[in-house]
Amino acid sequence: MGRENTVEEALNLLRSRLCNPSFVFKPLSDSPDSNYSKLKFIISSSVTEACNNSILLLGPRGSGKIAVLELVLKDLLLEFPDLISVIKLSGLLHSDDNCAFKEISRQLCAEHQLLFSKMASFDDNSQFMIAMLRECGLAHKTIIFVLDEFDLFAQGKQRVLYSLLDAMQSVTSQAVVIGVSCRLDADQLLEKRVRSRFSHRKLLFLPPSKEDLQRLLEHILSLPVDSTISHDYAVEFNAKLQNILADEKFKQIIITYMDSDATVNHLLRFLFRAVSYMDLGSGFLSLENFKTALSNIQRQPKLECIKDCSILELHILVCMKRLEVKEQNSYNFNSVMKEYKSIRASFQMSEYYAWNICLRAFEHLLQRELICFTDNRGQNQSVEFRPAKLLISSHELQQGLKSYRSCPAILLKLMDREV
């Protein structure tokens, strides 16, 4: 019973880590060249030197922009508890000027225990924000404005951005504007009057390097040896984990998975699934857990569609692929039937399907979106005369045929070009 409890505790610890961005990004923040260190220096210098600043955090979704920012703000609020006030806006919710100013006023009122009026006009809220910037500046308190989805604020007249940045030109104000966007050209969307007031500092959030990835995996998946978890179990767990991380097969799994999306969040989703497959009986992670996670995440709907096809439909798909190999770029149902008859004659196949049955199978493939018509110009034409094309690659078709339980051997041979 004690062993089962230890394994459950370890599993819960790993899952909680994977859901905690602050823990995940902590090891990537140690270096003085990290985005964490740079962002913390910029904001802290604004607080200590009583100056204004603006900066953009740019990178693909899931690269850790918000997670690192939250980590920095958390540390700075502990370091300067009475000198920082944080206002958060999202372009998805507050890109409308009136809505944005109302939300700024609401958060400022909540922060400084003031009465907020829902009936205040656009101008009232704008003047209130400017007055609060001035008062906080005189009190040596820095207001940090976090604008998530910054590119959405850069649409329209950009009055929110202009008002914020213009108010920061005042000697008495003390504020930092932090824009967060997945668009690398976000600063180019700004109007000239806004751009001239924006300090062109940017922090790019790039996918982790191989070394960072290795450190990240060890940091997340290793168990602490000085916790409530059994010391001997943690040591053995970490030893087995090191063997997995050093295995070339594991490295290939990670490379395959990260090919499509190299962001940290994408990796965390994969690790969470792999950890969930951990065998509670043995209590250790295995290479099979990661293989299973990869196969389940990388589901291929086209292959699943092929498994549900009839033998006739498989013949039609192979015939279409043969026509493409022969560089016959434009073909229709009639061309496919000619190829099918040619194969039947060459290999003396006993199966015979009526023309209308073949046409029905062809239409079924259209419905499954394994094939499609090349254009919509011939909508008035009969199905058999309209040019068509395959929507699956040779590799997908070959894999689908191999996984098909009763696939005729001749089709595999045709795909392998053995005959």
# chains A, B, ... in the order shown; residues from 1 in each chain; ligands from 1

call {"tool": "select_by_dssp", "arguments": {"residues": "range 154-398 of chain A", "states": "strand (DSSP E)", "output": "count of residues only"}}
result
17

call {"tool": "closest_atom_pairs", "arguments": {"of": "range 216-331 of chain A", "to": "range 51-64 of chain A", "cutoff": "10 Å", "atoms": "only C-alpha atoms", "output": "tab-separated table"}}
result
residue	atom	partner	partner_atom	distance
A:Asp261	CA	A:Gly62	CA	9.3
A:Ala262	CA	A:Ser63	CA	8.4
A:Thr263	CA	A:Ser63	CA	4.9
A:Val264	CA	A:Ser63	CA	5.6
A:Asn265	CA	A:Gly62	CA	4.8
A:His266	CA	A:Gly62	CA	6.9
A:Leu267	CA	A:Gly62	CA	9.5
A:Leu268	CA	A:Gly62	CA	9.8

call {"tool": "residues_around", "arguments": {"residues": "Phe270 in chain A", "least_positions_apart": "5", "cutoff": "9 Å", "atoms": "only C-alpha atoms", "output": "PyMOL selection string"}}
result
chain A and resi 257+265+275+290+293-294+297

call {"tool": "residues_around", "arguments": {"residues": "range 241-256 of chain A", "least_positions_apart": "5", "cutoff": "9 Å", "atoms": "only C-alpha atoms", "output": "mmCIF file with C-alpha atoms, in the first residue's frame"}}
result
data_model
loop_
_atom_site.group_PDB
_atom_site.id
_atom_site.type_symbol
_atom_site.label_atom_id
_atom_site.label_comp_id
_atom_site.auth_asym_id
_atom_site.auth_seq_id
_atom_site.Cartn_x
_atom_site.Cartn_y
_atom_site.Cartn_z
ATOM 1 C CA GLN A 214 17.435 18.734 -22.125
ATOM 2 C CA LEU A 217 13.024 17.733 -19.451
ATOM 3 C CA GLU A 218 15.255 16.935 -16.469
ATOM 4 C CA LEU A 221 10.418 15.000 -14.913
ATOM 5 C CA SER A 222 13.032 14.423 -12.169
ATOM 6 C CA GLU A 236 15.755 4.918 -8.805
ATOM 7 C CA LEU A 267 6.046 20.012 -25.422
ATOM 8 C CA PHE A 284 8.459 4.305 -13.452
ATOM 9 C CA LEU A 285 8.335 6.095 -16.779
ATOM 10 C CA SER A 286 9.302 4.022 -19.816
ATOM 11 C CA LEU A 287 10.122 4.678 -23.457
ATOM 12 C CA PHE A 290 6.403 8.382 -24.835
ATOM 13 C CA LYS A 291 5.836 6.233 -27.934
ATOM 14 C CA LEU A 294 3.255 10.302 -29.739
#

call {"tool": "closest_residue", "arguments": {"among": "A:Ser227, A:Asn5, A:Asn296, A:Ser406", "to": "Arg269 in chain A", "atoms": "only C-alpha atoms"}}
result
A:Asn296

call {"tool": "decode", "arguments": {"residues": "range 67-82 of chain A", "atoms": "N, CA, C and O atoms", "output": "mmCIF file, in the first residue's frame"}}
result
data_model
loop_
_atom_site.group_PDB
_atom_site.id
_atom_site.type_symbol
_atom_site.label_atom_id
_atom_site.label_comp_id
_atom_site.auth_asym_id
_atom_site.auth_seq_id
_atom_site.Cartn_x
_atom_site.Cartn_y
_atom_site.Cartn_z
ATOM 1 N N ALA A 67 3.938 33.547 -19.477
ATOM 2 C CA ALA A 67 4.467 32.807 -18.324
ATOM 3 C C ALA A 67 5.695 33.506 -17.746
ATOM 4 O O ALA A 67 5.816 33.662 -16.520
ATOM 5 N N VAL A 68 6.606 33.937 -18.610
ATOM 6 C CA VAL A 68 7.813 34.633 -18.154
ATOM 7 C C VAL A 68 7.443 35.990 -17.555
ATOM 8 O O VAL A 68 7.988 36.399 -16.520
ATOM 9 N N LEU A 69 6.514 36.697 -18.196
ATOM 10 C CA LEU A 69 6.068 37.986 -17.678
ATOM 11 C C LEU A 69 5.457 37.836 -16.288
ATOM 12 O O LEU A 69 5.752 38.625 -15.375
ATOM 13 N N GLU A 70 4.619 36.826 -16.101
ATOM 14 C CA GLU A 70 3.998 36.588 -14.797
ATOM 15 C C GLU A 70 5.058 36.267 -13.739
ATOM 16 O O GLU A 70 4.954 36.682 -12.579
ATOM 17 N N LEU A 71 6.087 35.529 -14.163
ATOM 18 C CA LEU A 71 7.185 35.185 -13.253
ATOM 19 C C LEU A 71 7.924 36.439 -12.809
ATOM 20 O O LEU A 71 8.232 36.609 -11.618
ATOM 21 N N VAL A 72 8.169 37.344 -13.752
ATOM 22 C CA VAL A 72 8.858 38.606 -13.461
ATOM 23 C C VAL A 72 8.002 39.473 -12.531
ATOM 24 O O VAL A 72 8.496 40.011 -11.532
ATOM 25 N N LEU A 73 6.731 39.621 -12.855
ATOM 26 C CA LEU A 73 5.840 40.456 -12.042
ATOM 27 C C LEU A 73 5.700 39.911 -10.621
ATOM 28 O O LEU A 73 5.666 40.678 -9.648
ATOM 29 N N LYS A 74 5.642 38.592 -10.514
ATOM 30 C CA LYS A 74 5.527 37.966 -9.186
ATOM 31 C C LYS A 74 6.749 38.295 -8.339
ATOM 32 O O LYS A 74 6.629 38.659 -7.155
ATOM 33 N N ASP A 75 7.945 38.186 -8.939
ATOM 34 C CA ASP A 75 9.181 38.479 -8.206
ATOM 35 C C ASP A 75 9.281 39.955 -7.843
ATOM 36 O O ASP A 75 9.709 40.311 -6.741
ATOM 37 N N LEU A 76 8.886 40.829 -8.780
ATOM 38 C CA LEU A 76 8.985 42.269 -8.527
ATOM 39 C C LEU A 76 7.970 42.734 -7.479
ATOM 40 O O LEU A 76 8.247 43.648 -6.699
ATOM 41 N N LEU A 77 6.786 42.126 -7.460
ATOM 42 C CA LEU A 77 5.788 42.480 -6.445
ATOM 43 C C LEU A 77 6.252 42.080 -5.048
ATOM 44 O O LEU A 77 5.891 42.723 -4.052
ATOM 45 N N LEU A 78 7.062 41.030 -4.967
ATOM 46 C CA LEU A 78 7.654 40.652 -3.680
ATOM 47 C C LEU A 78 8.782 41.602 -3.303
ATOM 48 O O LEU A 78 8.976 41.927 -2.124
ATOM 49 N N GLU A 79 9.520 42.050 -4.324
ATOM 50 C CA GLU A 79 10.661 42.934 -4.096
ATOM 51 C C GLU A 79 10.221 44.378 -3.811
ATOM 52 O O GLU A 79 10.808 45.062 -2.980
ATOM 53 N N PHE A 80 9.204 44.847 -4.550
ATOM 54 C CA PHE A 80 8.689 46.215 -4.379
ATOM 55 C C PHE A 80 7.173 46.156 -4.132
ATOM 56 O O PHE A 80 6.385 46.560 -4.980
ATOM 57 N N PRO A 81 6.735 45.662 -2.984
ATOM 58 C CA PRO A 81 5.294 45.435 -2.768
ATOM 59 C C PRO A 81 4.431 46.693 -2.827
ATOM 60 O O PRO A 81 3.276 46.627 -3.241
ATOM 61 N N ASP A 82 4.981 47.848 -2.433
ATOM 62 C CA ASP A 82 4.175 49.072 -2.376
ATOM 63 C C ASP A 82 4.491 50.043 -3.510
ATOM 64 O O ASP A 82 3.962 51.156 -3.534
#
